[in-house]
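Reading through the structure tokens given below for one structure.
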Amino acid sequence: MPQLRKDLIVGRWVIIATERARRPAAFVDPVSSDTDPQNCPFCQDRTSTIVHESGGVKVVKSNNPILDKAQAFERRGHGLYDVCYSYGSHEIVVETQQHVANMADLSLEQIQRVLQAYALRMQELGKDPFIEYILAYKNYGVAAGSRNIGHSRSQIMAVPVLPMRVKDKINGAKRYFEFHERCLFCDMIAQEHQSAQRVVVENEHFIAFTPFASRFPFETWILPKTHHCDFAEGIKGREGSLAGILKDVLLRFKIGLNDPAYNYIIQTAPAKNSSMFKEDYHWHIELIPRLTRVAGFERGTGFYICPIPPEMTATFLREVEV
Amino acid sequence: MPELRRDPIMGRWVIIDSEHLKGPSDFPKEDNTPTRQAICPFCPGRESQTPAESDAIRPQGAQTNISGWLVRTVPNKFPVLISEGLLQKEGIGIYDQMNGIGAHEVLIENPDHDKILTDLTHDEMRLVVSQYQSRFRQLSQDSRFKYVVIFKNFGSSAGATVEHTHSQIIALPMVPKAVLEELRGAEHYHQYRGRCVFCDMIAQEYQDKERIVAENAAFIAFCPFVPRYAFETWIMPKSHSADFALIDETAQGQLAQILQDVLKRMKKVLGNPSYNYYLHMAPIGYANPACYHWHIEIIPKLTRSVGFEWGTGLHIVPTFPQEAARFLREA
């Protein structure tokens, strides 16, 4: 019997298929391939504006930005619609000077420097009063929306509006806090520890588990065990520990699923008025290997069909030898 | 200058990426022409390979579950939800769960394996729409269900696994989140302005004109001002209508005409792309029909959504809707 499970944060129902559940091995789908450093824009690049550089990690302004600050921020109406001129920043985090494709293969120290770069840029970009949200994320592999260049990198985008899904999460967490006077994410961690079935790996400061109402097969979240709403503030002194668990999870994807395309995204509190989110929001990272396609049903309803129970994917990932 | 636009229904912002604009020829081309498959279970003569039909259109008095049908609906052989049993809800620690009760059907649109939806004659297309309505009415009778979604995946990159032309129907024991958000947005708008937000959108489209793709007596097709995807197109009844189950035969014919017209335009402009469409309808027994307006959303599958989009719900659209509409209108 398939199950319907509700995401506690945003109230989204998902279908966990059991009748036609696929074995973990059925998802193995290698996509990445080595490419020539001679043609790599991140090995050769000498033109981009560098905004941060430290220990081989370089943050540059995108040469092809989706958002920039060329024009002053302005909101207007168009009939019944709301419009604002695009305003914001789009930066590329070149994670290493070496031509290495997958972040899983970087050293712990290097990953730690990448995380520090995220934190520094988030704090810097957040000073702009028009910026509402800063998003650090990674697309790895063509199926995850990346160009196949073979050089490990991630992106930071600063936007002048609160995106819908972020708003949803924040509101969901607020509602839970109003009723229980406890953080929803802290409660999730307690629940995951209790049932233990969905925990992939943990260390002193962080836990990685496959969420109860996963949307995608092998979806994995990393949460700090100590409550904090803000990524940049929250990782202070714990960068090494976070680098450790991030590398561990990425290696489990790489080895267990044969180097799949994946995305990760850091979900932190909004850039403005962060004191408003202090108690009820809890920053975290969502990681999703790109193994299935989103079809009409998901697009039309926001209702996901996950073809394998998260308990099964957690067991599989836990047993991968890293 | 890139623009951020906010959808008046959901409150969703999108970025129109005007710095990297794409026209029809900038998207990768796909070949979605049907190939002769040796053993297609949807072809006439293989009725025994599918579960027994739940509905079909065939000449009066003809026997069921043999060939001779014009449109045929069968339960999905690999359903995501199971229709037998009672709904059971439970809590697992802090989480909520229920058993997967629902219906999952396949609607085979035409017996001819070589035809895709745009190849059907007008009369054949009418039968598809009529079968949509009859399945929708039938499934709405089941008191365990709260929502019925009719949708189509065409082409493998839009999620189709069988090439014989078909749609799918899923009946759910709850209203899905995206629909709930749309309803809440529409109710909120109605409370504030006392008008239907979809009717207002149509008025706005007539005023601006540039995003209209096609229209006929009962329906209008346009590229919404705030799309999530390039060449996204919506079809709406021109006069307020909350319930798809109530449209009459004339309107069914008009819907068949405009739906096929838009798909033909997309095929011509974008080279037979993969696409999804789905009918957005009010939940079964919806109490505020003045607020909601059923419609069809058609999304050609031209780009991949990346980490940024699924993480934030902030879509980056590489084509202005008025440009997409112009290409489709002139096709």
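Every chain in the structure tokens takes a letter, A first, then B, and so on in the order presented; its residues are numbered from 1, and the ligands are numbered from 1 following the presented order.
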* Asked: Residues at most 7 Å from Arg153 in chain A, counting only C-alpha atoms, excluding those fewer than 5 positions away in the same chain, as a ChimeraX atom specification?
  -> /A:92-95
Just-selected residues, N, CA and C atoms written as a PDB file, in the first residue's frame:
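Heads up, here's the output in out-v2.pdb:
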ATOM      1  N   ILE A  92      29.720  33.645  -8.634  1.00  0.00           N
ATOM      2  CA  ILE A  92      30.146  32.251  -8.816  1.00  0.00           C
ATOM      3  C   ILE A  92      31.259  31.956  -7.810  1.00  0.00           C
ATOM      4  N   VAL A  93      31.109  30.870  -7.086  1.00  0.00           N
ATOM      5  CA  VAL A  93      32.149  30.445  -6.154  1.00  0.00           C
ATOM      6  C   VAL A  93      32.965  29.353  -6.853  1.00  0.00           C
ATOM      7  N   VAL A  94      34.187  29.710  -7.269  1.00  0.00           N
ATOM      8  CA  VAL A  94      35.080  28.719  -7.877  1.00  0.00           C
ATOM      9  C   VAL A  94      35.792  28.046  -6.709  1.00  0.00           C
ATOM     10  N   GLU A  95      35.488  26.756  -6.499  1.00  0.00           N
ATOM     11  CA  GLU A  95      35.822  26.130  -5.220  1.00  0.00           C
ATOM     12  C   GLU A  95      37.264  25.673  -5.107  1.00  0.00           C
TER      13      GLU A  95
END
What are the residues of chain B lining chain A at 6 Å or less? Count only C-alpha atoms, and put the answer as a tab-separated table (two decimals) with N, CA and C atoms, in the first residue's frame.
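Printed below is selection_5.tsv as written:
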chain	number	residue	atom	x	y	z
B	2	PRO	N	16.33	43.00	-16.86
B	2	PRO	CA	15.53	41.88	-16.32
B	2	PRO	C	14.42	42.42	-15.43
B	3	GLU	N	13.36	41.66	-15.32
B	3	GLU	CA	12.22	42.11	-14.55
B	3	GLU	C	11.82	41.03	-13.57
B	4	LEU	N	11.38	41.44	-12.41
B	4	LEU	CA	10.77	40.50	-11.49
B	4	LEU	C	9.28	40.76	-11.54
B	5	ARG	N	8.51	39.68	-11.65
B	5	ARG	CA	7.06	39.85	-11.74
B	5	ARG	C	6.38	38.99	-10.71
B	6	ARG	N	5.30	39.51	-10.15
B	6	ARG	CA	4.59	38.73	-9.14
B	6	ARG	C	3.22	38.29	-9.62
B	8	PRO	N	-0.47	37.40	-9.32
B	8	PRO	CA	-1.46	37.94	-8.38
B	8	PRO	C	-2.24	36.85	-7.64
B	12	ARG	N	3.61	34.49	-6.17
B	12	ARG	CA	4.92	33.98	-6.54
B	12	ARG	C	5.67	34.97	-7.43
B	80	VAL	N	0.06	4.74	-8.67
B	80	VAL	CA	0.75	5.36	-7.54
B	80	VAL	C	-0.15	5.35	-6.31
B	96	ASP	N	2.63	13.28	10.01
B	96	ASP	CA	1.30	12.79	9.62
B	96	ASP	C	1.42	11.88	8.40
B	97	GLN	N	0.61	10.84	8.41
B	97	GLN	CA	0.64	9.90	7.30
B	97	GLN	C	-0.77	9.38	7.04
B	98	MET	N	-1.09	9.03	5.81
B	98	MET	CA	-2.30	8.25	5.55
B	98	MET	C	-2.00	7.20	4.49
B	99	ASN	N	-2.83	6.19	4.42
B	99	ASN	CA	-2.56	5.17	3.41
B	99	ASN	C	-2.90	5.72	2.03
B	100	GLY	N	-2.30	5.15	1.03
B	100	GLY	CA	-2.38	5.71	-0.32
B	100	GLY	C	-3.63	5.34	-1.07
B	153	ASN	N	1.35	13.92	-20.06
B	153	ASN	CA	2.79	14.03	-20.26
B	153	ASN	C	3.04	13.59	-21.69
B	158	ALA	N	9.17	15.05	-20.81
B	158	ALA	CA	8.07	15.53	-19.97
B	158	ALA	C	7.52	14.41	-19.10
B	159	GLY	N	8.19	13.26	-19.12
B	159	GLY	CA	7.82	12.19	-18.20
B	159	GLY	C	6.97	11.08	-18.79
B	176	PRO	N	-4.24	19.03	-3.30
B	176	PRO	CA	-2.79	19.22	-3.31
B	176	PRO	C	-2.39	20.68	-3.06
B	177	LYS	N	-1.17	20.82	-2.61
B	177	LYS	CA	-0.70	22.10	-2.12
B	177	LYS	C	-0.78	23.25	-3.13
B	178	ALA	N	-0.34	22.98	-4.37
B	178	ALA	CA	-0.33	24.06	-5.36
B	178	ALA	C	-1.75	24.55	-5.63
B	179	VAL	N	-2.70	23.62	-5.62
B	179	VAL	CA	-4.09	23.98	-5.86
B	179	VAL	C	-4.64	24.75	-4.66
B	276	ASN	N	3.77	19.17	-20.91
B	276	ASN	CA	2.78	18.74	-19.94
B	276	ASN	C	1.60	19.69	-20.01
B	278	TYR	N	-2.22	20.26	-17.69
B	278	TYR	CA	-3.08	19.73	-16.64
B	278	TYR	C	-4.25	20.67	-16.46
B	304	ARG	N	15.61	22.95	-18.21
B	304	ARG	CA	15.66	22.16	-16.99
B	304	ARG	C	15.54	23.10	-15.82
B	306	VAL	N	16.68	24.16	-12.23
B	306	VAL	CA	17.94	23.95	-11.54
B	306	VAL	C	17.74	24.11	-10.04
B	307	GLY	N	18.82	23.92	-9.30
B	307	GLY	CA	18.78	23.98	-7.84
B	307	GLY	C	18.14	25.26	-7.34
B	312	THR	N	13.93	27.68	-4.15
B	312	THR	CA	13.31	28.94	-3.79
B	312	THR	C	11.90	29.07	-4.34
B	313	GLY	N	11.57	28.32	-5.37
B	313	GLY	CA	10.31	28.53	-6.07
B	313	GLY	C	10.37	29.80	-6.92
B	314	LEU	N	11.57	30.37	-7.05
B	314	LEU	CA	11.75	31.57	-7.87
B	314	LEU	C	12.20	31.12	-9.25
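The two atoms in question, CA of Asn203 in chain A and CA of Gly234 in chain A, are spaced 15.9 Å apart.
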* Can you list every residue in range 1-119 of chain B that DSSP puts in strand (DSSP E or B), as a ChimeraX atom specification? -> /B:3-6,13-16,55-57,71-75,82,89-92,95-99,101,103-108
* Asked: Can you tell me, as a VMD selection string, what residues are no more than 8 Å from Val128 in chain B when counting only C-alpha atoms, ignoring any on the same chain fewer than 4 positions away?
  -> chain B and resid 71 109 124 132 256
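Here CA of His293 in chain B and CA of Ser241 in chain B stand 5.2 Å from one another.
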* Extract, using only C-alpha atoms, all DNA, RNA and protein residues at most 9 Å from Glu232 in chain B, discarding same-chain residues fewer than 5 positions from it, and format them as a list of chain:residue names. => B:Phe222, B:Cys223, B:Pro224, B:Pro227, B:Glu297, B:Ile298, B:Ile299, B:Pro300, B:Pro321, B:Ala324
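Counting from CA of Ile116 in chain B, the distance to CA of Ser156 in chain B is 13.6 Å.
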* Asked: Contacts of Leu127 in chain B at 12 Å or less, counting only C-alpha atoms, minus same-chain residues fewer than 5 places along, as a PyMOL selection string?
  -> chain B and resi 56-58+69-72+107-110+117+120-122+132-134+249+252-253+255-257
Go ahead and save the residues from that selection, with C-alpha atoms, as a PDB file, in the first residue's frame.
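Output contents, as saved in out.pdb:
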ATOM      1  CA  ALA B  56     -14.838   3.954 -22.896  1.00  0.00           C
ATOM      2  CA  ILE B  57     -16.516   5.544 -25.877  1.00  0.00           C
ATOM      3  CA  ARG B  58     -17.638   2.963 -28.439  1.00  0.00           C
ATOM      4  CA  TRP B  69     -13.431   1.666 -28.938  1.00  0.00           C
ATOM      5  CA  LEU B  70     -12.786   5.280 -29.845  1.00  0.00           C
ATOM      6  CA  VAL B  71     -11.474   6.439 -26.448  1.00  0.00           C
ATOM      7  CA  ARG B  72     -10.720   4.057 -23.596  1.00  0.00           C
ATOM      8  CA  LEU B 107      -7.075   7.603 -20.744  1.00  0.00           C
ATOM      9  CA  ILE B 108      -6.119   6.262 -24.174  1.00  0.00           C
ATOM     10  CA  GLU B 109      -7.067   9.106 -26.464  1.00  0.00           C
ATOM     11  CA  ASN B 110      -7.203   7.262 -29.782  1.00  0.00           C
ATOM     12  CA  LEU B 117      -2.822  14.424 -30.076  1.00  0.00           C
ATOM     13  CA  LEU B 120      -6.589  13.809 -34.224  1.00  0.00           C
ATOM     14  CA  THR B 121      -9.559  15.102 -36.193  1.00  0.00           C
ATOM     15  CA  HIS B 122     -11.781  17.651 -34.481  1.00  0.00           C
ATOM     16  CA  TYR B 132     -12.242  13.849 -19.522  1.00  0.00           C
ATOM     17  CA  GLN B 133     -15.532  15.210 -18.304  1.00  0.00           C
ATOM     18  CA  SER B 134     -17.169  11.847 -17.849  1.00  0.00           C
ATOM     19  CA  GLU B 249     -21.420  19.906 -25.430  1.00  0.00           C
ATOM     20  CA  GLN B 252     -16.608  20.794 -25.059  1.00  0.00           C
ATOM     21  CA  GLY B 253     -16.239  21.256 -28.809  1.00  0.00           C
ATOM     22  CA  LEU B 255     -12.336  23.429 -25.724  1.00  0.00           C
ATOM     23  CA  ALA B 256     -11.251  20.607 -28.031  1.00  0.00           C
ATOM     24  CA  GLN B 257     -10.689  23.161 -30.786  1.00  0.00           C
TER      25      GLN B 257
END
* Would you please give, as a ChimeraX atom specification, all residues of range 24-83 of chain B that DSSP assigns to helix (DSSP H, G or I) based on the backbone? => /B:24-26,47-49
* Asked: Hey, what's within 8 Å of Cys183 in chain A if we count only C-alpha atoms and toss same-chain stuff fewer than 4 positions away? As a list in words, please?
  -> Ala173, Tyr176, Phe177, Asp187, Glu279, Asp280, Tyr281 and His282 of chain A
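Ranking B:Thr35, B:Asn288, B:Thr303, B:Thr161 by their shortest atom-to-atom distance to Tyr229 in chain B, with only C-alpha atoms included, puts B:Thr303 first.
Counting only C-alpha atoms, the residue from A:Asn171, A:Asn273, A:Gln112, A:Ser62 that sits nearest to Gly237 in chain A is A:Gln112.
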Nearby residues (only C-alpha atoms) at most 12 Å from Leu139 in chain B, same-chain spacing under 5 positions excluded, as a JSON list (two decimals) with C-alpha atoms, in the first residue's frame:
[["chain", "number", "residue", "atom", "x", "y", "z"],
["B", 54, "SER", "CA", -13.41, 1.81, -16.23],
["B", 55, "ASP", "CA", -14.94, 3.79, -19.10],
["B", 83, "SER", "CA", -8.50, 2.54, -5.10],
["B", 102, "GLY", "CA", -6.90, 7.15, -4.61],
["B", 103, "ALA", "CA", -7.49, 6.35, -8.25],
["B", 104, "HIS", "CA", -4.94, 6.36, -11.03],
["B", 105, "GLU", "CA", -6.27, 5.87, -14.55],
["B", 132, "TYR", "CA", -12.24, 13.85, -19.52],
["B", 133, "GLN", "CA", -15.53, 15.21, -18.30],
["B", 134, "SER", "CA", -17.17, 11.85, -17.85],
["B", 144, "ARG", "CA", -13.13, 9.36, -0.24],
["B", 145, "PHE", "CA", -11.80, 11.73, -2.89],
["B", 146, "LYS", "CA", -11.33, 15.47, -2.57],
["B", 147, "TYR", "CA", -9.57, 16.31, -5.79],
["B", 148, "VAL", "CA", -9.29, 14.99, -9.34],
["B", 149, "VAL", "CA", -6.43, 15.98, -11.60],
["B", 150, "ILE", "CA", -6.41, 15.26, -15.33],
["B", 169, "ILE", "CA", -6.22, 10.91, -14.21],
["B", 170, "ILE", "CA", -5.41, 10.82, -10.51],
["B", 171, "ALA", "CA", -8.06, 11.17, -7.80],
["B", 172, "LEU", "CA", -6.66, 12.23, -4.42],
["B", 173, "PRO", "CA", -7.94, 12.07, -0.85],
["B", 245, "ALA", "CA", -18.16, 19.10, -14.89],
["B", 283, "PRO", "CA", -11.92, 20.69, -5.34],
["B", 284, "ILE", "CA", -14.91, 18.34, -5.26]]
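Of the residues listed (A:Gln123, A:Thr210, A:Asn102, A:Gln110), A:Asn102 shows the shortest atom-to-atom separation from Lys254 in chain A; distances use only C-alpha atoms.
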* To do: Considering only C-alpha atoms, state which residue in the set B:Ile247, B:Ala214, B:Leu279, B:Ile316 is at the smallest distance from Glu330 in chain B.
  => B:Ala214
